[in-house]
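Shown next: input.txt, containing compact mmCIF, C-alpha atoms.
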```
# COMPACT_ATOMS: atom_id res chain seq x y z
CA MET Y 3 111.31 -105.59 -91.61
CA ASN Y 4 108.51 -103.52 -93.18
CA GLU Y 5 106.72 -106.75 -94.14
CA SER Y 6 106.86 -107.99 -90.51
CA ILE Y 7 105.60 -104.65 -89.18
CA TYR Y 8 102.76 -104.76 -91.68
CA GLN Y 9 101.83 -108.34 -90.71
CA LEU Y 10 101.84 -107.41 -87.02
CA ALA Y 11 99.68 -104.36 -87.71
CA VAL Y 12 97.22 -106.45 -89.74
CA TRP Y 13 96.98 -108.92 -86.86
CA LEU Y 14 96.40 -106.10 -84.35
CA ASP Y 15 93.74 -104.70 -86.65
CA SER Y 16 91.93 -108.03 -86.67
CA THR Y 17 91.55 -108.07 -82.89
CA ARG Y 18 88.16 -107.24 -81.44
CA TRP Y 19 89.31 -104.48 -79.08
CA SER Y 20 91.03 -102.58 -81.88
CA THR Y 21 87.80 -102.47 -83.89
CA MET Y 22 85.77 -101.55 -80.81
CA LEU Y 23 88.11 -98.68 -79.96
CA HIS Y 24 88.21 -97.40 -83.52
CA GLU Y 25 84.47 -97.56 -84.03
CA SER Y 26 83.37 -96.44 -80.59
CA PHE Y 27 81.19 -93.37 -80.45
CA TYR Y 28 83.33 -91.34 -78.06
CA MET Y 29 86.13 -93.48 -76.66
CA TYR Y 30 88.63 -92.85 -79.47
CA ASN Y 31 88.08 -89.07 -79.13
CA TRP Y 32 88.48 -89.26 -75.36
CA VAL Y 33 91.73 -91.21 -75.64
CA GLU Y 34 93.00 -88.70 -78.20
CA THR Y 35 91.88 -85.77 -76.04
CA THR Y 36 93.67 -87.24 -73.02
CA HIS Y 37 96.77 -87.77 -75.18
CA VAL Y 38 96.76 -84.13 -76.30
CA LEU Y 39 95.75 -82.52 -72.99
CA THR Y 40 98.36 -84.47 -71.04
CA LEU Y 41 100.87 -82.39 -73.02
CA MET Y 42 100.14 -79.73 -70.42
CA ILE Y 43 101.61 -81.94 -67.71
CA SER Y 44 104.41 -83.76 -69.53
CA LEU Y 45 105.73 -81.31 -72.10
CA GLY Y 46 104.54 -78.35 -70.04
CA LEU Y 47 106.69 -79.24 -67.03
CA LEU Y 48 109.58 -80.26 -69.31
CA LEU Y 49 109.45 -76.85 -71.00
CA VAL Y 50 109.45 -75.13 -67.60
CA ILE Y 51 112.62 -77.08 -66.65
CA ASP Y 52 114.30 -76.45 -70.02
CA LEU Y 53 113.44 -72.74 -70.00
CA ARG Y 54 114.81 -72.50 -66.45
CA MET Y 55 118.13 -73.93 -67.72
CA LEU Y 56 118.15 -71.40 -70.55
CA GLY Y 57 117.42 -68.56 -68.14
CA TYR Y 58 114.04 -67.65 -69.62
CA ALA Y 59 111.80 -68.92 -66.80
CA LEU Y 60 111.92 -68.94 -62.99
CA PRO Y 61 115.36 -67.25 -62.90
CA GLY Y 62 115.07 -66.68 -59.16
CA MET Y 63 114.55 -70.33 -58.24
CA PRO Y 64 117.34 -72.91 -57.78
CA ALA Y 65 117.57 -74.89 -61.03
CA SER Y 66 118.20 -78.28 -59.40
CA GLN Y 67 115.13 -77.75 -57.18
CA VAL Y 68 112.96 -77.01 -60.21
CA ALA Y 69 114.28 -80.05 -62.09
CA ASP Y 70 114.03 -82.44 -59.11
CA ARG Y 71 110.57 -81.45 -57.93
CA LEU Y 72 108.93 -81.37 -61.34
CA HIS Y 73 110.58 -84.63 -62.44
CA TRP Y 74 108.05 -87.19 -61.19
CA PRO Y 75 104.87 -85.27 -62.12
CA MET Y 76 106.43 -84.89 -65.57
CA ILE Y 77 107.18 -88.63 -65.75
CA PHE Y 78 103.55 -89.31 -64.74
CA GLY Y 79 102.43 -87.11 -67.66
CA PHE Y 80 104.70 -88.91 -70.10
CA THR Y 81 103.43 -92.30 -68.85
CA VAL Y 82 99.82 -91.27 -69.54
CA MET Y 83 100.88 -89.99 -72.96
CA PHE Y 84 102.68 -93.26 -73.73
CA ILE Y 85 99.66 -95.38 -72.73
CA THR Y 86 97.14 -93.25 -74.65
CA GLY Y 87 99.53 -93.06 -77.62
CA ALA Y 88 99.78 -96.87 -77.65
CA LEU Y 89 95.96 -97.09 -77.57
CA LEU Y 90 95.68 -94.66 -80.50
CA PHE Y 91 98.14 -96.83 -82.45
CA TYR Y 92 96.19 -99.95 -81.51
CA ALA Y 93 92.91 -98.39 -82.71
CA ILE Y 94 94.25 -97.78 -86.24
CA PRO Y 95 97.30 -100.06 -86.43
CA VAL Y 96 97.94 -100.49 -90.17
CA ARG Y 97 97.74 -96.83 -91.14
CA SER Y 98 99.70 -95.79 -88.02
CA ALA Y 99 102.46 -98.36 -88.59
CA GLN Y 100 102.87 -97.05 -92.13
CA SER Y 101 102.70 -93.37 -91.24
CA LEU Y 102 105.81 -91.50 -92.32
CA TRP Y 103 105.16 -88.89 -89.64
CA LEU Y 104 104.80 -91.45 -86.85
CA ARG Y 105 108.12 -93.00 -87.88
CA ILE Y 106 109.86 -89.61 -87.80
CA LYS Y 107 108.14 -88.96 -84.47
CA PHE Y 108 109.59 -92.20 -83.05
CA VAL Y 109 113.10 -91.22 -84.20
CA LEU Y 110 112.70 -87.82 -82.53
CA LEU Y 111 111.37 -89.47 -79.36
CA ILE Y 112 114.47 -91.69 -79.22
CA CYS Y 113 116.68 -88.60 -79.73
CA ALA Y 114 114.77 -86.78 -76.97
CA PHE Y 115 115.18 -89.77 -74.63
CA VAL Y 116 118.95 -90.05 -75.25
CA ASN Y 117 119.30 -86.30 -74.80
CA ALA Y 118 117.36 -86.47 -71.51
CA VAL Y 119 119.65 -89.23 -70.17
CA LEU Y 120 122.77 -87.23 -71.12
CA PHE Y 121 121.21 -84.08 -69.66
CA HIS Y 122 120.60 -85.79 -66.32
CA ARG Y 123 124.16 -87.16 -66.24
CA GLN Y 124 125.60 -83.71 -66.94
CA MET Y 125 123.39 -82.19 -64.27
CA ARG Y 126 124.67 -84.64 -61.67
CA GLN Y 127 128.27 -84.03 -62.73
CA ALA Y 128 127.79 -80.26 -62.49
CA ASN Y 129 126.99 -80.85 -58.80
CA ASN Y 130 124.61 -77.85 -58.60
CA SER Y 131 127.56 -75.43 -58.52
CA TRP Y 132 125.58 -73.06 -60.79
CA ASP Y 133 122.24 -73.65 -59.06
CA THR Y 134 121.36 -70.07 -58.24
CA GLU Y 135 122.78 -68.56 -61.42
CA ARG Y 136 120.36 -67.24 -63.97
CA ARG Y 137 121.55 -69.60 -66.72
CA ALA Y 138 122.94 -73.13 -66.60
CA PRO Y 139 126.43 -73.94 -68.01
CA ALA Y 140 126.74 -74.04 -71.81
CA ARG Y 141 126.55 -77.84 -72.14
CA LEU Y 142 123.34 -78.00 -70.13
CA ARG Y 143 121.89 -75.10 -72.10
CA LEU Y 144 122.64 -77.00 -75.31
CA GLY Y 145 120.86 -80.03 -73.84
CA ALA Y 146 117.83 -77.89 -72.94
CA LEU Y 147 117.75 -76.34 -76.40
CA LEU Y 148 117.98 -79.77 -78.07
CA SER Y 149 115.24 -81.05 -75.78
CA ILE Y 150 112.88 -78.23 -76.78
CA SER Y 151 113.74 -78.72 -80.47
CA PHE Y 152 113.14 -82.48 -80.39
CA TRP Y 153 109.83 -82.05 -78.60
CA VAL Y 154 108.60 -79.32 -80.91
CA GLY Y 155 109.45 -81.76 -83.73
CA VAL Y 156 107.54 -84.54 -81.94
CA VAL Y 157 104.45 -82.33 -81.59
CA ILE Y 158 104.60 -81.22 -85.24
CA CYS Y 159 104.95 -84.82 -86.46
CA GLY Y 160 102.18 -85.92 -84.10
CA ARG Y 161 99.89 -83.31 -85.60
CA LEU Y 162 100.84 -84.23 -89.16
CA ILE Y 163 99.92 -87.91 -88.64
CA ALA Y 164 96.32 -86.83 -89.24
CA TYR Y 165 97.15 -85.81 -92.83
CA ASP Y 166 97.15 -88.46 -95.56
CA TRP Y 167 99.65 -86.92 -98.01
CA PHE Y 168 102.11 -89.84 -97.78
CA ASP Y 169 99.71 -92.67 -96.99
CA CYS Y 170 100.51 -95.98 -98.72
CA ALA Y 171 97.02 -95.96 -100.24
CA LYS Y 172 98.05 -92.85 -102.20
CA GLU Y 173 100.99 -94.71 -103.81
CA PRO Y 174 103.80 -92.32 -102.81
CA SER Y 175 107.26 -92.23 -104.50
CA PRO Y 176 109.43 -95.36 -104.03
CA PHE Y 177 111.65 -93.57 -101.47
CA ILE Y 178 108.71 -92.41 -99.35
CA ALA Y 179 107.04 -95.80 -99.73
CA THR Y 180 110.15 -97.52 -98.33
CA VAL Y 181 110.58 -95.09 -95.44
CA ALA Y 182 106.86 -95.24 -94.61
CA GLY Y 183 106.97 -99.05 -94.73
CA CYS Y 184 104.53 -99.65 -97.59
CA VAL Y 185 104.42 -103.29 -98.72
CA ALA Y 186 103.99 -104.25 -102.38
CA GLY Y 187 100.54 -105.70 -102.98
CA GLN Y 188 99.25 -104.98 -99.50
CA GLU Y 189 95.47 -105.25 -99.19
CA GLN Y 190 94.86 -103.40 -95.96
CA PHE Y 191 95.56 -99.72 -95.40
CA MET Z 208 82.80 -46.81 -47.31
CA LEU Z 209 81.58 -48.45 -50.54
CA MET Z 210 84.38 -46.74 -52.50
CA ASN Z 211 86.86 -48.93 -50.64
CA TYR Z 212 85.25 -52.02 -52.22
CA LYS Z 213 85.52 -51.03 -55.87
CA ARG Z 214 86.95 -54.36 -57.05
CA SER Z 215 84.29 -56.40 -55.26
CA ILE Z 216 81.48 -54.23 -56.63
CA PHE Z 217 82.98 -54.42 -60.14
CA THR Z 218 83.30 -58.23 -59.85
CA VAL Z 219 79.66 -58.62 -58.74
CA LEU Z 220 78.55 -56.32 -61.58
CA MET Z 221 80.54 -58.32 -64.15
CA ILE Z 222 79.08 -61.62 -62.92
CA ALA Z 223 75.54 -60.18 -62.98
CA LEU Z 224 75.96 -58.55 -66.41
CA GLY Z 225 77.60 -61.69 -67.84
CA THR Z 226 74.78 -63.92 -66.57
CA GLY Z 227 72.17 -61.46 -67.83
CA PHE Z 228 73.84 -61.30 -71.24
CA ALA Z 229 74.00 -65.10 -71.49
CA LEU Z 230 70.29 -65.45 -70.71
CA SER Z 231 69.00 -62.59 -72.89
CA ASP Z 232 68.39 -62.12 -76.62
CA LEU Z 233 71.30 -59.70 -76.70
CA ARG Z 234 73.61 -62.74 -76.90
CA ILE Z 235 71.97 -63.85 -80.19
CA GLU Z 236 71.99 -60.31 -81.57
CA THR Z 237 75.69 -59.88 -80.76
CA TRP Z 238 76.46 -63.24 -82.37
CA GLN Z 239 74.58 -62.27 -85.53
CA GLY Z 240 76.38 -58.91 -85.56
CA LEU Z 241 79.75 -60.66 -85.54
CA GLN Z 242 79.06 -62.71 -88.68
CA GLY Z 243 80.59 -60.02 -90.92
CA VAL Z 244 83.83 -60.04 -88.92
CA PHE Z 245 84.15 -63.80 -89.31
CA GLU Z 246 83.39 -63.65 -93.04
CA TRP Z 247 86.01 -60.92 -93.43
CA SER Z 248 88.62 -62.85 -91.43
CA GLU Z 249 88.47 -65.69 -93.97
CA THR Z 250 89.51 -63.21 -96.69
CA THR Z 251 92.61 -61.99 -94.80
CA LEU Z 252 96.14 -63.29 -95.48
CA PHE Z 253 95.90 -65.61 -92.46
CA GLY Z 254 92.57 -66.91 -93.70
CA HIS Z 255 93.98 -67.47 -97.17
CA ILE Z 256 97.08 -69.33 -95.89
CA GLY Z 257 95.04 -71.37 -93.43
CA LYS Z 258 92.56 -72.48 -96.09
CA THR Z 259 95.07 -73.08 -98.91
CA TRP Z 260 98.07 -74.71 -97.23
CA GLY Z 261 97.15 -77.60 -94.98
CA ALA Z 262 100.79 -78.03 -93.96
CA ALA Z 263 101.08 -74.42 -92.74
CA PHE Z 264 97.85 -74.80 -90.79
CA ALA Z 265 99.11 -78.04 -89.20
CA VAL Z 266 102.48 -76.55 -88.21
CA VAL Z 267 100.84 -73.48 -86.67
CA GLU Z 268 98.47 -75.85 -84.85
CA ALA Z 269 101.49 -77.75 -83.51
CA PHE Z 270 102.93 -74.49 -82.14
CA HIS Z 271 99.50 -73.80 -80.63
CA LEU Z 272 99.91 -77.13 -78.80
CA VAL Z 273 103.42 -76.17 -77.66
CA GLY Z 274 101.99 -72.91 -76.26
CA LEU Z 275 99.25 -74.93 -74.59
CA ALA Z 276 101.86 -77.21 -73.02
CA LEU Z 277 103.85 -74.27 -71.65
CA LEU Z 278 100.69 -72.65 -70.34
CA GLY Z 279 99.80 -75.91 -68.61
CA GLY Z 280 103.28 -76.26 -67.15
CA THR Z 281 103.26 -72.79 -65.62
CA ILE Z 282 99.70 -73.19 -64.31
CA LEU Z 283 100.54 -76.52 -62.68
CA PHE Z 284 103.71 -75.02 -61.26
CA SER Z 285 102.00 -72.03 -59.62
CA ASP Z 286 98.65 -73.63 -58.74
CA GLY Z 287 100.50 -76.65 -57.34
CA ARG Z 288 102.24 -74.25 -54.97
CA LEU Z 289 98.92 -72.63 -53.98
CA LEU Z 290 97.49 -76.07 -53.23
CA GLY Z 291 100.55 -76.86 -51.11
CA LEU Z 292 101.68 -79.72 -53.36
CA TRP Z 293 105.24 -78.52 -53.96
CA PHE Z 294 107.73 -75.68 -53.49
CA ILE Z 295 106.24 -74.98 -50.06
CA ASP Z 296 109.64 -73.65 -48.94
CA GLN Z 297 109.26 -70.84 -51.50
CA SER Z 298 106.84 -67.99 -50.85
CA ILE Z 299 103.65 -67.88 -52.93
CA ALA Z 300 104.48 -64.36 -54.09
CA THR Z 301 107.87 -65.56 -55.40
CA VAL Z 302 106.41 -68.57 -57.22
CA GLU Z 303 103.67 -66.40 -58.73
CA GLN Z 304 106.16 -63.77 -59.86
CA GLN Z 305 108.54 -66.35 -61.34
CA ALA Z 306 105.78 -68.11 -63.27
CA SER Z 307 104.15 -64.96 -64.62
CA ARG Z 308 106.52 -64.32 -67.57
CA PRO Z 309 106.41 -67.81 -69.12
CA PHE Z 310 102.63 -67.83 -68.55
CA SER Z 311 102.17 -64.57 -70.44
CA ALA Z 312 104.55 -65.74 -73.19
CA ALA Z 313 102.56 -68.96 -73.58
CA LEU Z 314 99.28 -67.05 -73.65
CA ALA Z 315 100.64 -64.68 -76.32
CA LEU Z 316 101.77 -67.66 -78.45
CA LEU Z 317 98.37 -69.32 -77.99
CA ILE Z 318 96.43 -66.19 -78.96
CA PHE Z 319 98.61 -65.46 -82.01
CA THR Z 320 98.46 -69.03 -83.35
CA GLY Z 321 94.80 -69.27 -82.32
CA VAL Z 322 93.86 -66.17 -84.34
CA PHE Z 323 95.75 -67.59 -87.35
CA MET Z 324 93.90 -70.90 -87.10
CA ALA Z 325 90.55 -69.22 -86.50
CA CYS Z 326 90.92 -67.17 -89.71
CA GLY Z 327 91.35 -70.36 -91.74
CA VAL Z 328 88.15 -71.94 -90.43
CA ALA Z 329 86.24 -68.81 -89.40
CA MET Z 330 82.79 -69.71 -90.69
CA LYS Z 331 83.02 -73.24 -89.34
CA ILE Z 332 83.79 -72.08 -85.81
CA TYR Z 333 81.30 -69.22 -86.02
CA TYR Z 334 78.50 -71.80 -85.98
CA LEU Z 335 80.07 -73.96 -83.25
CA PRO Z 336 78.70 -73.25 -79.74
CA VAL Z 337 81.80 -74.87 -78.21
CA PHE Z 338 84.00 -72.19 -79.83
CA TRP Z 339 82.04 -69.48 -78.05
CA TYR Z 340 82.25 -71.34 -74.74
CA LYS Z 341 86.01 -71.48 -75.25
CA MET Z 342 86.19 -67.75 -75.94
CA LEU Z 343 84.10 -67.04 -72.86
CA ALA Z 344 86.34 -69.25 -70.71
CA LEU Z 345 89.45 -67.60 -72.19
CA PHE Z 346 88.10 -64.12 -71.43
CA ILE Z 347 87.19 -65.13 -67.86
CA GLY Z 348 90.59 -66.81 -67.41
CA CYS Z 349 92.54 -63.74 -68.56
CA ALA Z 350 90.41 -61.33 -66.50
CA PHE Z 351 90.77 -63.56 -63.44
CA VAL Z 352 94.55 -63.99 -63.76
CA TYR Z 353 95.49 -60.39 -64.57
CA GLY Z 354 92.71 -58.60 -62.69
CA LEU Z 355 92.59 -60.52 -59.42
CA ARG Z 356 94.89 -63.52 -59.04
CA ARG Z 357 98.14 -61.68 -59.69
CA PRO Z 358 97.56 -58.63 -57.51
CA LEU Z 359 96.19 -60.86 -54.75
CA LEU Z 360 99.03 -63.38 -54.70
CA ARG Z 361 101.81 -60.86 -55.05
CA THR Z 362 100.62 -58.91 -52.04
CA TYR Z 363 98.43 -60.79 -49.60
CA ALA Z 364 98.87 -64.49 -50.35
CA GLU Z 365 100.58 -65.81 -47.26
CA SER Z 366 97.80 -65.17 -44.77
CA HIS Z 367 94.89 -66.92 -46.50
CA PRO Z 368 95.53 -70.60 -47.31
CA GLY Z 369 91.81 -71.28 -47.84
CA LEU Z 370 91.41 -68.47 -50.34
CA ASN Z 371 94.61 -69.54 -52.12
CA LYS Z 372 93.24 -73.05 -52.60
CA LEU Z 373 89.94 -71.69 -53.93
CA VAL Z 374 91.83 -69.46 -56.37
CA ALA Z 375 93.99 -72.41 -57.49
CA VAL Z 376 90.97 -74.68 -58.05
CA ALA Z 377 89.16 -71.94 -60.02
CA SER Z 378 92.29 -71.34 -62.10
CA LEU Z 379 92.69 -75.06 -62.91
CA MET Z 380 88.98 -75.31 -63.78
CA VAL Z 381 88.91 -72.32 -66.09
CA TRP Z 382 92.09 -73.28 -67.99
CA PHE Z 383 90.98 -76.89 -68.23
CA THR Z 384 87.74 -75.64 -69.80
CA VAL Z 385 89.68 -73.44 -72.25
CA THR Z 386 91.80 -76.37 -73.43
CA ALA Z 387 89.16 -79.12 -73.38
CA THR Z 388 86.68 -77.02 -75.37
CA GLY Z 389 89.52 -76.19 -77.78
CA ARG Z 390 90.15 -79.89 -78.35
CA TRP Z 391 86.44 -80.40 -78.93
CA ILE Z 392 86.48 -77.79 -81.72
CA GLY Z 393 88.85 -80.14 -83.56
CA PHE Z 394 86.35 -82.98 -83.30
CA SER Z 395 83.40 -80.89 -84.44
CA GLY Z 396 82.64 -80.90 -88.15
CA MET E 475 94.06 -55.49 -42.52
CA ASN E 476 92.85 -52.34 -44.31
CA GLU E 477 89.74 -52.21 -46.47
CA THR E 478 91.63 -52.16 -49.79
CA ASP E 479 93.27 -55.49 -48.92
CA LYS E 480 89.92 -56.88 -47.88
CA ASP E 481 88.38 -55.67 -51.15
CA LEU E 482 90.88 -57.64 -53.26
CA GLN E 483 90.33 -60.76 -51.20
CA ILE E 484 86.53 -60.54 -51.37
CA ALA E 485 86.63 -59.88 -55.12
CA SER E 486 88.95 -62.87 -55.66
CA ALA E 487 86.76 -65.13 -53.54
CA LEU E 488 83.63 -64.01 -55.41
CA ALA E 489 85.19 -64.49 -58.85
CA ALA E 490 86.71 -67.86 -57.92
CA THR E 491 83.37 -69.10 -56.53
CA ALA E 492 81.56 -67.92 -59.69
CA ILE E 493 84.11 -69.79 -61.83
CA VAL E 494 83.71 -72.99 -59.79
CA ILE E 495 79.89 -72.79 -60.08
CA GLY E 496 80.10 -71.97 -63.80
CA PHE E 497 82.47 -74.91 -64.31
CA ILE E 498 80.14 -77.35 -62.54
CA VAL E 499 77.07 -76.11 -64.45
CA TYR E 500 78.80 -76.15 -67.87
CA TRP E 501 80.35 -79.58 -67.49
CA SER E 502 77.14 -81.04 -66.00
CA PHE E 503 75.31 -80.02 -69.19
CA GLU E 504 78.11 -81.41 -71.37
CA ILE E 505 78.18 -84.73 -69.49
CA GLN E 506 74.40 -84.97 -69.72
CA ALA E 507 74.55 -84.34 -73.48
CA VAL E 508 77.21 -87.04 -73.89
CA ARG E 509 75.13 -89.51 -71.86
CA GLU E 510 72.12 -88.84 -74.08
CA MET E 511 74.20 -89.32 -77.23
CA LEU E 512 75.59 -92.59 -75.85
CA LYS E 513 72.05 -93.74 -75.05
CA LEU E 514 71.01 -92.96 -78.63
CA ALA E 515 74.05 -94.76 -80.03
CA TYR E 516 74.09 -97.87 -77.84
CA GLY E 517 70.60 -97.94 -76.25
```

Here is the file; what I need is its structure written in the form of structure tokens.
Amino acid sequence: MNESIYQLAVWLDSTRWSTMLHESFYMYNWVETTHVLTLMISLGLLLVIDLRMLGYALPGMPASQVADRLHWPMIFGFTVMFITGALLFYAIPVRSAQSLWLRIKFVLLICAFVNAVLFHRQMRQANNSWDTERRAPARLRLGALLSISFWVGVVICGRLIAYDWFDCAKEPSPFIATVAGCVAGQEQF
Amino acid sequence: MLMNYKRSIFTVLMIALGTGFALSDLRIETWQGLQGVFEWSETTLFGHIGKTWGAAFAVVEAFHLVGLALLGGTILFSDGRLLGLWFIDQSIATVEQQASRPFSAALALLIFTGVFMACGVAMKIYYLPVFWYKMLALFIGCAFVYGLRRPLLRTYAESHPGLNKLVAVASLMVWFTVTATGRWIGFSG
Amino acid sequence: MNETDKDLQIASALAATAIVIGFIVYWSFEIQAVREMLKLAYG
């Protein structure tokens, strides 16, 4: 598995557009800036919804209204983040594919996605019976709390990708090397 | 007669003084006078932690991003209402009031984590013009929100759609500048 | 509308206009600087 991921990353790295993006004077920075600033739309609106469920924000507004109306702008934000994130990966594919932090980030993203699906299902089942109450029912509050936790984890891991502590080039411990996807005798980093 | 227009006179004075300060030598003298403060801040506990432990710096930076996301979410929520994009069935005063607490919480988180980060790289940012532009934008943003936007929207918002839109555009512009210049600090040096 | 209300509205309009002008001026300079750097880098 790690060998295949490495081979795919090496192939991506050999493509012209990857090199151009990586070595461009400003484009990489702009893509990264867009990725980070779009947090204000995607995660920002998600936090507003989650904090509404927990009773810490917009307590006087119907919860289902807040969740419904902010849903699509939030999805737009996440779409931009996904596209720019993919471009950042494509610009530096080998190091990114073998980044311990990116791998943890992906796991957390999957957890956040599953939690979001369950959260939506529970919201529909609750049938807005608590809509004007200050706090959502306990199960929804747990979902909101998990959502915030996963996303804080995603942001922390995203930030830590920039650090090279566990890079394969630094020959980490066998456990870290396996989790990060380092390949014995690899020539590209 | 003029005493009834204290806020307007104060605003004009602030704009004139700010412009005068920016164009005069006083700006350079003030900057030189602040060098000692920046040198000292690197010797504080925050400065020591920020410079010694990369992981601590990165985690605090991640929380800075979470604060930024929440700030963005609340700004989009309330400015979106001012622009008539959503929640038009809710009064502007209500939306403004509901969004004010999470906004202030996000701003407090941003300033606390921002001061921590600044202490770790104080002398680097001291010489970066973009850092000073960010501080200027932050000061203008805070003065605008707490000094004018809030009192205006909580009391007289409903009768002036044109003014509301102008206020929303100015708010989006100033906070965009705060965040974009902040991102640029990361790319500088 | 009394004069105190008017005062707040005029002050807000003035400040918002100054911010919009400041934003346009600042980002025009930044964009110009980026264009010059790109010209230096790529010709």

- Non-local contacts of region 508-513 of chain E (12 Å; all atoms listed in the file; under 2 positions in same chain excluded) as a list in words: Ser26, Phe27, Tyr28, Met29 and Trp32 of chain Y; Trp501, Ser502, Phe503, Glu504, Ile505, Gln506, Ala515, Tyr516 and Gly517 of chain E

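Across the model, the gap from CA of Ala88 (chain Y) to CA of Ala11 (chain Y) is 12.5 Å.
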
Enumerate, in order of chain and increasing residue number, the residues of chain Z with an atom no farther than 7 Å from chain E, each with its shortest atom pair and distance in Å to one decimal, counting all atoms listed in the file, as a tab-separated table.
```
residue	atom	partner	partner_atom	distance
Z:Asn211	CA	E:Thr478	CA	5.8
Z:Tyr212	CA	E:Asp481	CA	4.9
Z:Arg214	CA	E:Ala485	CA	5.9
Z:Ser215	CA	E:Ala485	CA	4.2
Z:Thr218	CA	E:Ala485	CA	6.0
Z:Leu355	CA	E:Ser486	CA	5.7
Z:Arg356	CA	E:Ser486	CA	6.9
Z:Leu359	CA	E:Leu482	CA	6.4
Z:Leu370	CA	E:Ala487	CA	6.6
Z:Leu373	CA	E:Ala490	CA	6.4
Z:Val374	CA	E:Ala490	CA	5.6
Z:Ala377	CA	E:Ala490	CA	5.2
Z:Met380	CA	E:Phe497	CA	6.5
Z:Val381	CA	E:Ile493	CA	6.9
```

Let's have the selection written as a tab-separated table (two decimals), in the frame of the given file, with C-alpha atoms.
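Generated output (again-v2.tsv):
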```
chain	number	residue	atom	x	y	z
Z	211	ASN	CA	86.86	-48.93	-50.64
Z	212	TYR	CA	85.25	-52.02	-52.22
Z	214	ARG	CA	86.95	-54.36	-57.05
Z	215	SER	CA	84.29	-56.40	-55.26
Z	218	THR	CA	83.30	-58.23	-59.85
Z	355	LEU	CA	92.59	-60.52	-59.42
Z	356	ARG	CA	94.89	-63.52	-59.04
Z	359	LEU	CA	96.19	-60.86	-54.75
Z	370	LEU	CA	91.41	-68.47	-50.34
Z	373	LEU	CA	89.94	-71.69	-53.93
Z	374	VAL	CA	91.83	-69.46	-56.37
Z	377	ALA	CA	89.16	-71.94	-60.02
Z	380	MET	CA	88.98	-75.31	-63.78
Z	381	VAL	CA	88.91	-72.32	-66.09
```

* Using only C-alpha atoms, select each residue of chain Z with any atom at most 9 Å away from an atom of chain Y, and give the selection as a ChimeraX atom specification. => /Z:261-262,265-270,272-284,293-294,297,301-302,304-309,383,386-387,390-391,394

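Going from CA of Gln127 (chain Y) over to CA of Met55 (chain Y), you cover 15.2 Å.
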
Pull the neighbourhood of (123.4, -76.1, -73.8) for me: all residues within 12 Å in file coordinates, counting all atoms listed in the file, as a PyMOL selection string.
chain Y and resi 52-57+117+120-121+124-125+137-150

Computed gap from CA of Arg18 (chain Y) to CA of Gly87 (chain Y) is 18.6 Å

Which residues are near Ile7 (chain Y)? Cut-off 9 Å, only C-alpha atoms, ignore same chain within fewer than 4 positions. Put them as a list in words. Met3, Ala11, Val12, Val96, Ala99, Gln100 and Gly183 of chain Y

Practice task
Excluding Leu335 (chain Z) and residues on its chain fewer than 2 positions from it, collect all residues at most 12 Å away from it, counting all atoms listed in the file, and give them as a list in words.
Solution key: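 Contacts, with the query itself left out: Trp238, Ala325, Val328, Ala329, Met330, Lys331, Ile332, Tyr333, Val337, Phe338, Trp339, Tyr340, Lys341, Met342, Thr388, Gly389, Trp391, Ile392, Gly393, Phe394, Ser395 and Gly396 of chain Z.
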
Q: Show which residues sit within 12 Å of Cys349 (chain Z), as a PyMOL selection string. Count all atoms listed in the file, and ignore same-chain residues fewer than 5 positions away.
A: chain Z and resi 310-311+314-315+318+342-344+354-357+378+381-382+385

Min atom-atom distance to chain E from the set Y:Ser131, Y:Glu25, Y:Leu10, Y:Met83, counting all atoms listed in the file, belongs to Y:Glu25
